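Heads up, structure-v1.cif below (mmCIF, C-alpha atoms):
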data_query
#
loop_
_atom_site.label_atom_id
_atom_site.label_comp_id
_atom_site.auth_asym_id
_atom_site.auth_seq_id
_atom_site.Cartn_x
_atom_site.Cartn_y
_atom_site.Cartn_z
CA MET E 10 -27.14 -58.69 2.09
CA ASN E 11 -23.45 -58.14 2.62
CA ALA E 12 -22.13 -54.92 1.02
CA ILE E 13 -19.32 -56.78 -0.76
CA LEU E 14 -21.78 -59.15 -2.43
CA GLY E 15 -24.21 -56.28 -3.07
CA LYS E 16 -21.55 -54.59 -5.22
CA PHE E 17 -21.41 -57.64 -7.50
CA VAL E 18 -25.22 -57.76 -7.68
CA GLU E 19 -25.27 -54.07 -8.71
CA ASP E 20 -22.56 -54.74 -11.32
CA GLY E 21 -24.68 -57.57 -12.76
CA LEU E 22 -22.19 -60.39 -12.17
CA PHE E 23 -24.90 -62.30 -10.31
CA ASN E 24 -28.32 -61.74 -8.77
CA GLU E 25 -29.52 -61.65 -5.16
CA LYS E 26 -30.24 -65.40 -5.12
CA VAL E 27 -26.58 -66.15 -5.85
CA ALA E 28 -25.44 -63.62 -3.23
CA ASN E 29 -27.79 -65.23 -0.70
CA ALA E 30 -26.46 -68.70 -1.60
CA ILE E 31 -22.89 -67.50 -0.94
CA GLU E 32 -23.92 -65.96 2.39
CA GLU E 33 -25.73 -69.17 3.33
CA ALA E 34 -22.63 -71.22 2.45
CA PHE E 35 -20.57 -69.11 4.85
CA ALA E 36 -23.26 -69.35 7.54
CA GLU E 37 -23.08 -73.17 7.26
CA LYS E 38 -19.26 -73.14 7.06
CA SER E 39 -19.42 -74.71 3.60
CA SER E 40 -16.66 -74.37 1.04
CA VAL E 41 -16.94 -71.77 -1.73
CA ILE E 42 -15.32 -72.25 -5.13
CA ILE E 43 -15.18 -69.55 -7.79
CA ALA E 44 -14.78 -71.04 -11.27
CA GLY E 45 -13.99 -69.25 -14.51
CA HIS E 46 -11.33 -67.80 -16.74
CA ARG E 47 -9.60 -64.74 -15.30
CA SER E 48 -11.20 -62.59 -18.02
CA THR E 49 -14.61 -63.25 -16.40
CA GLY E 50 -13.66 -61.37 -13.25
CA SER E 51 -13.09 -64.54 -11.25
CA ARG E 52 -9.99 -63.19 -9.48
CA PRO E 53 -11.57 -59.97 -8.13
CA LEU E 54 -14.59 -62.00 -7.01
CA MET E 55 -12.28 -64.54 -5.37
CA ALA E 56 -10.44 -61.75 -3.52
CA ASN E 57 -13.72 -60.38 -2.19
CA ILE E 58 -15.00 -63.83 -1.20
CA MET E 59 -11.74 -64.34 0.71
CA GLN E 60 -12.38 -61.01 2.48
CA LEU E 61 -15.81 -62.27 3.55
CA ALA E 62 -14.23 -65.40 5.02
CA LYS E 63 -11.56 -63.36 6.82
CA LYS E 64 -14.12 -60.99 8.34
CA SER E 65 -16.30 -63.73 9.78
CA TYR E 66 -13.94 -66.61 10.53
CA ASP E 67 -10.40 -67.41 11.57
CA SER E 68 -8.85 -67.93 8.13
CA VAL E 69 -5.49 -69.19 6.90
CA GLN E 70 -3.92 -68.32 3.53
CA VAL E 71 -2.64 -71.57 2.00
CA ARG E 72 0.12 -71.53 -0.61
CA LYS E 73 1.93 -74.72 0.38
CA ALA E 74 1.18 -77.91 2.33
CA GLU E 75 2.86 -76.59 5.51
CA ASP E 76 0.23 -73.83 5.71
CA LEU E 77 -2.39 -76.52 6.44
CA GLU E 78 -0.68 -77.11 9.80
CA LYS E 79 -1.94 -73.70 10.97
CA GLU E 80 -5.30 -73.67 12.72
CA GLY E 81 -8.27 -71.91 11.17
CA GLU E 82 -11.90 -72.45 10.26
CA TYR E 83 -11.41 -71.57 6.58
CA TYR E 84 -8.43 -72.32 4.40
CA LEU E 85 -8.01 -69.78 1.61
CA ILE E 86 -6.26 -71.69 -1.16
CA PHE E 87 -5.00 -69.16 -3.66
CA GLY E 88 -1.57 -68.66 -5.16
CA ALA E 89 -0.44 -72.26 -4.72
CA PRO E 90 1.21 -74.09 -7.64
CA ALA E 91 -1.51 -75.27 -10.04
CA ASP E 92 -0.63 -78.95 -9.73
CA GLN E 93 -0.99 -78.80 -5.93
CA VAL E 94 -4.35 -77.03 -5.55
CA GLU E 95 -6.52 -80.14 -5.72
CA GLY E 96 -4.33 -81.93 -3.15
CA LEU E 97 -4.45 -78.92 -0.82
CA VAL E 98 -8.25 -78.77 -1.06
CA GLU E 99 -8.47 -82.50 -0.31
CA ALA E 100 -6.12 -82.21 2.68
CA ALA E 101 -8.14 -79.30 4.12
CA LEU E 102 -11.42 -81.20 3.75
CA LYS E 103 -9.88 -84.26 5.43
CA LYS E 104 -9.09 -82.02 8.40
CA GLY E 105 -12.77 -81.08 8.53
CA LYS E 106 -12.15 -77.52 7.38
CA ALA E 107 -13.90 -75.43 4.74
CA VAL E 108 -12.03 -73.89 1.81
CA VAL E 109 -12.32 -70.91 -0.46
CA THR E 110 -10.51 -71.47 -3.74
CA LEU E 111 -10.37 -70.54 -7.39
CA LYS E 112 -10.90 -72.97 -10.26
CA GLU E 113 -9.36 -71.64 -13.47
CA PRO E 114 -8.22 -73.36 -16.66
CA GLU E 115 -4.69 -73.23 -15.18
CA THR E 116 -5.83 -74.76 -11.86
CA PRO E 117 -8.45 -77.36 -12.73
CA ILE E 118 -9.94 -79.10 -9.72
CA SER E 119 -12.87 -81.47 -9.50
CA ILE E 120 -14.66 -80.90 -6.21
CA MET E 121 -16.77 -84.00 -6.90
CA LYS E 122 -13.63 -86.15 -7.20
CA VAL E 123 -12.06 -84.57 -4.11
CA MET E 124 -15.18 -85.05 -1.98
CA LYS E 125 -15.52 -88.69 -3.10
CA SER E 126 -11.90 -89.31 -2.15
CA VAL E 127 -12.37 -87.76 1.31
CA LEU E 128 -15.60 -89.73 1.83
CA LYS E 129 -13.72 -92.99 1.20
CA GLU E 130 -11.36 -92.17 4.06
CA LYS E 131 -13.80 -90.48 6.43
CA GLU E 132 -17.19 -92.13 6.70
CA ASP E 133 -18.59 -89.25 8.78
CA PHE E 134 -17.72 -86.70 6.07
CA ASN E 135 -20.77 -84.53 5.31
CA HIS E 136 -19.30 -81.29 3.97
CA LYS E 137 -20.99 -79.03 1.40
CA ALA E 138 -19.36 -76.96 -1.30
CA LEU E 139 -20.87 -74.18 -3.40
CA GLN E 140 -19.33 -73.59 -6.83
CA VAL E 141 -20.09 -70.33 -8.65
CA SER E 142 -19.13 -70.58 -12.34
CA LEU E 143 -18.56 -67.44 -14.40
CA ARG E 144 -18.59 -66.90 -18.19
CA LYS E 145 -18.64 -64.07 -20.70
CA ASP E 146 -21.36 -63.34 -23.25
CA GLY E 147 -19.21 -63.05 -26.34
CA VAL E 148 -15.61 -62.11 -27.07
CA GLY E 149 -13.57 -58.95 -27.11
CA ALA E 150 -13.81 -55.76 -25.10
CA GLY E 151 -17.61 -55.64 -25.27
CA ALA E 152 -18.12 -59.05 -23.67
CA THR E 153 -19.82 -58.94 -20.29
CA PRO E 154 -19.01 -61.42 -17.51
CA PHE E 155 -21.94 -63.14 -15.81
CA THR E 156 -22.71 -66.09 -13.54
CA ASP E 157 -23.35 -69.05 -15.78
CA ARG E 158 -24.05 -71.73 -13.22
CA VAL E 159 -24.18 -72.37 -9.47
CA ASP E 160 -23.77 -75.90 -8.13
CA LEU E 161 -24.06 -77.30 -4.62
CA TYR E 162 -22.03 -80.42 -3.83
CA TYR E 163 -23.03 -82.48 -0.79
CA VAL E 164 -23.17 -85.96 0.69
CA ASN E 165 -26.71 -87.35 0.52
CA GLU E 166 -28.49 -89.59 3.02
CA LYS E 167 -27.19 -92.70 1.21
CA GLY E 168 -23.60 -91.58 1.73
CA ARG E 169 -22.93 -90.55 -1.87
CA VAL E 170 -21.50 -87.28 -3.14
CA LYS E 171 -24.08 -85.51 -5.29
CA SER E 172 -24.28 -82.21 -7.11
CA GLU E 173 -27.38 -80.10 -7.49
CA LYS E 174 -27.77 -77.15 -9.79
CA VAL E 175 -28.96 -74.11 -7.84
CA ASP E 176 -31.72 -72.18 -9.60
CA PHE E 177 -31.12 -68.47 -9.78
#
Can the structure in the file be given as structure tokens, please?
Amino acid sequence: MNAILGKFVEDGLFNEKVANAIEEAFAEKSSVIIAGHRSTGSRPLMANIMQLAKKSYDSVQVRKAEDLEKEGEYYLIFGAPADQVEGLVEAALKKGKAVVTLKEPETPISIMKVMKSVLKEKEDFNHKALQVSLRKDGVGAGATPFTDRVDLYYVNEKGRVKSEKVDF
């Protein structure tokens, strides 16, 4: 297991199955989405996931549409205006590239909607996306962040976008 992911396993944010699912997503060049309020530790996790992408692949930081003109295997969509994130993710997927992005209450994106839209334009689209959703067990200073849900989005053999909850 990667040392960066191992740190989050030790801290209890997620278990080894989730860490392995993230590693597998990178091995398959699938997209990775971190979802959760910033109080759940989503931003530090996102930063570390971006580091993983940068270490293994040619990656491009995307803050505006012009950044998508640069060549890379992964587009790291973070820091873009909230109303543009979903469009940037869609544009990257249309180019056949994988993304790493953050889904927060301020930047709501629906990967299901985005993938369906890309599939309408590109019949050969068969990309996968792993979404790791974080929550906290309670409120206040004593609340502990944890991984609430992990979903895999993919195009099935019938050409439909489906989601599957990953058991962990």
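Nearest residue to Ser39 (chain E), choosing from E:Glu166, E:Glu95, E:Glu82, E:Asp146 and counting all atoms listed in the file: E:Glu82.
Between CA of Tyr66 (chain E) and CA of Val18 (chain E) lies a distance of 23.2 Å.
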Next on the checklist: Give me the residues near Ile43 (chain E) as a list in words, where near means some atom within 7 Å (using all atoms listed in the file) and where sequence neighbours in that chain fewer than 2 positions away do not count.
Outcome noted: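 Counting all atoms listed in the file, the residues come to Val41, Gly45, Ser51, Met55, Thr110, Leu111, Lys112, Gln140, Val141 and Ser142 of chain E.
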Checklist entry - How many Å lie between CA of Asp157 (chain E) and CA of Phe177 (chain E), rounded to one decimal? => result 9.8 Å
Checklist entry - Which of these residues is nearest to Arg47 (chain E), using only C-alpha atoms: E:Pro114, E:Gly151, E:Gly21, E:Gly96? => result E:Pro114
Env of Ala89 (chain E): 12 Å cut, atoms = only C-alpha atoms, seq-sep filter 2 positions within chain, self excluded. Answer as a PDB file with C-alpha atoms, keeping the file's coordinate frame.
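Okay, around-v6.pdb is ready:
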ATOM      1  CA  GLN E  70      -3.920 -68.320   3.530  1.00  0.00           C
ATOM      2  CA  VAL E  71      -2.640 -71.570   2.000  1.00  0.00           C
ATOM      3  CA  ARG E  72       0.120 -71.530  -0.610  1.00  0.00           C
ATOM      4  CA  LYS E  73       1.930 -74.720   0.380  1.00  0.00           C
ATOM      5  CA  ALA E  74       1.180 -77.910   2.330  1.00  0.00           C
ATOM      6  CA  GLU E  75       2.860 -76.590   5.510  1.00  0.00           C
ATOM      7  CA  ASP E  76       0.230 -73.830   5.710  1.00  0.00           C
ATOM      8  CA  LEU E  85      -8.010 -69.780   1.610  1.00  0.00           C
ATOM      9  CA  ILE E  86      -6.260 -71.690  -1.160  1.00  0.00           C
ATOM     10  CA  PHE E  87      -5.000 -69.160  -3.660  1.00  0.00           C
ATOM     11  CA  ALA E  91      -1.510 -75.270 -10.040  1.00  0.00           C
ATOM     12  CA  ASP E  92      -0.630 -78.950  -9.730  1.00  0.00           C
ATOM     13  CA  GLN E  93      -0.990 -78.800  -5.930  1.00  0.00           C
ATOM     14  CA  VAL E  94      -4.350 -77.030  -5.550  1.00  0.00           C
ATOM     15  CA  GLU E  95      -6.520 -80.140  -5.720  1.00  0.00           C
ATOM     16  CA  GLY E  96      -4.330 -81.930  -3.150  1.00  0.00           C
ATOM     17  CA  LEU E  97      -4.450 -78.920  -0.820  1.00  0.00           C
ATOM     18  CA  VAL E  98      -8.250 -78.770  -1.060  1.00  0.00           C
ATOM     19  CA  THR E 110     -10.510 -71.470  -3.740  1.00  0.00           C
ATOM     20  CA  LEU E 111     -10.370 -70.540  -7.390  1.00  0.00           C
ATOM     21  CA  LYS E 112     -10.900 -72.970 -10.260  1.00  0.00           C
ATOM     22  CA  GLU E 115      -4.690 -73.230 -15.180  1.00  0.00           C
ATOM     23  CA  THR E 116      -5.830 -74.760 -11.860  1.00  0.00           C
TER      24      THR E 116
END
Next on the checklist: Between CA of Arg158 (chain E) and CA of Ile118 (chain E), what is the distance in Å, rounded to a tenth?
Outcome noted: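 For CA of Arg158 (chain E) relative to CA of Ile118 (chain E), the distance reads 16.3 Å.
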Next on the checklist: Between E:Ala107, E:Val148, E:Ala30, E:Leu54, which residue has the minimum interatomic distance to Ser68 (chain E), considering only C-alpha atoms?
Outcome noted: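 Among the listed residues, the smallest separation from Ser68 (chain E) belongs to E:Ala107.
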Item to check | Selection under test: the PyMOL selection byres ((chain E and resi 99) around 10); residues as a ChimeraX atom specification | outcome: /E:94-98,100-106,108,120,122-127
Next on the checklist: On this structure, the PyMOL selection byres ((chain E and resi 24-26) around 12) would catch which residues? List them as a ChimeraX atom specification, sorted by chain and number.
Outcome noted: /E:10-12,14-23,27-33,141,155-159,175-177
Checklist outcome for this item: Restricting to all atoms listed in the file, whichever of E:Val69, E:Leu128, E:Ile13, E:Leu161 is closest to Ile42 (chain E) is E:Leu161
Around all listed atoms of region 98-104 of chain E, padded 6 Å per side, what centre and edge lengths does the axis-aligned box have in Å to one decimal, as lines of an AutoDock Vina configuration file?
center_x = -8.8
center_y = -81.5
center_z = 3.7
size_x = 17.3
size_y = 17.5
size_z = 21.5
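The shortest atom-to-atom distance to Ala44 (chain E), with only C-alpha atoms taken into account, belongs to E:Val109 out of E:Lys174, E:Gly168, E:Asp133, E:Val109.
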Next on the checklist: I need the output of the PyMOL selection byres ((chain E and resi 137) around 9) for this file as a list in words; which residues are they?
Outcome noted: Ala34, Glu37, Lys38, Ser39, Ser40, Val41, Ala107, Asn135, His136, Ala138, Leu139, Leu161, Tyr162, Tyr163 and Val164 of chain E
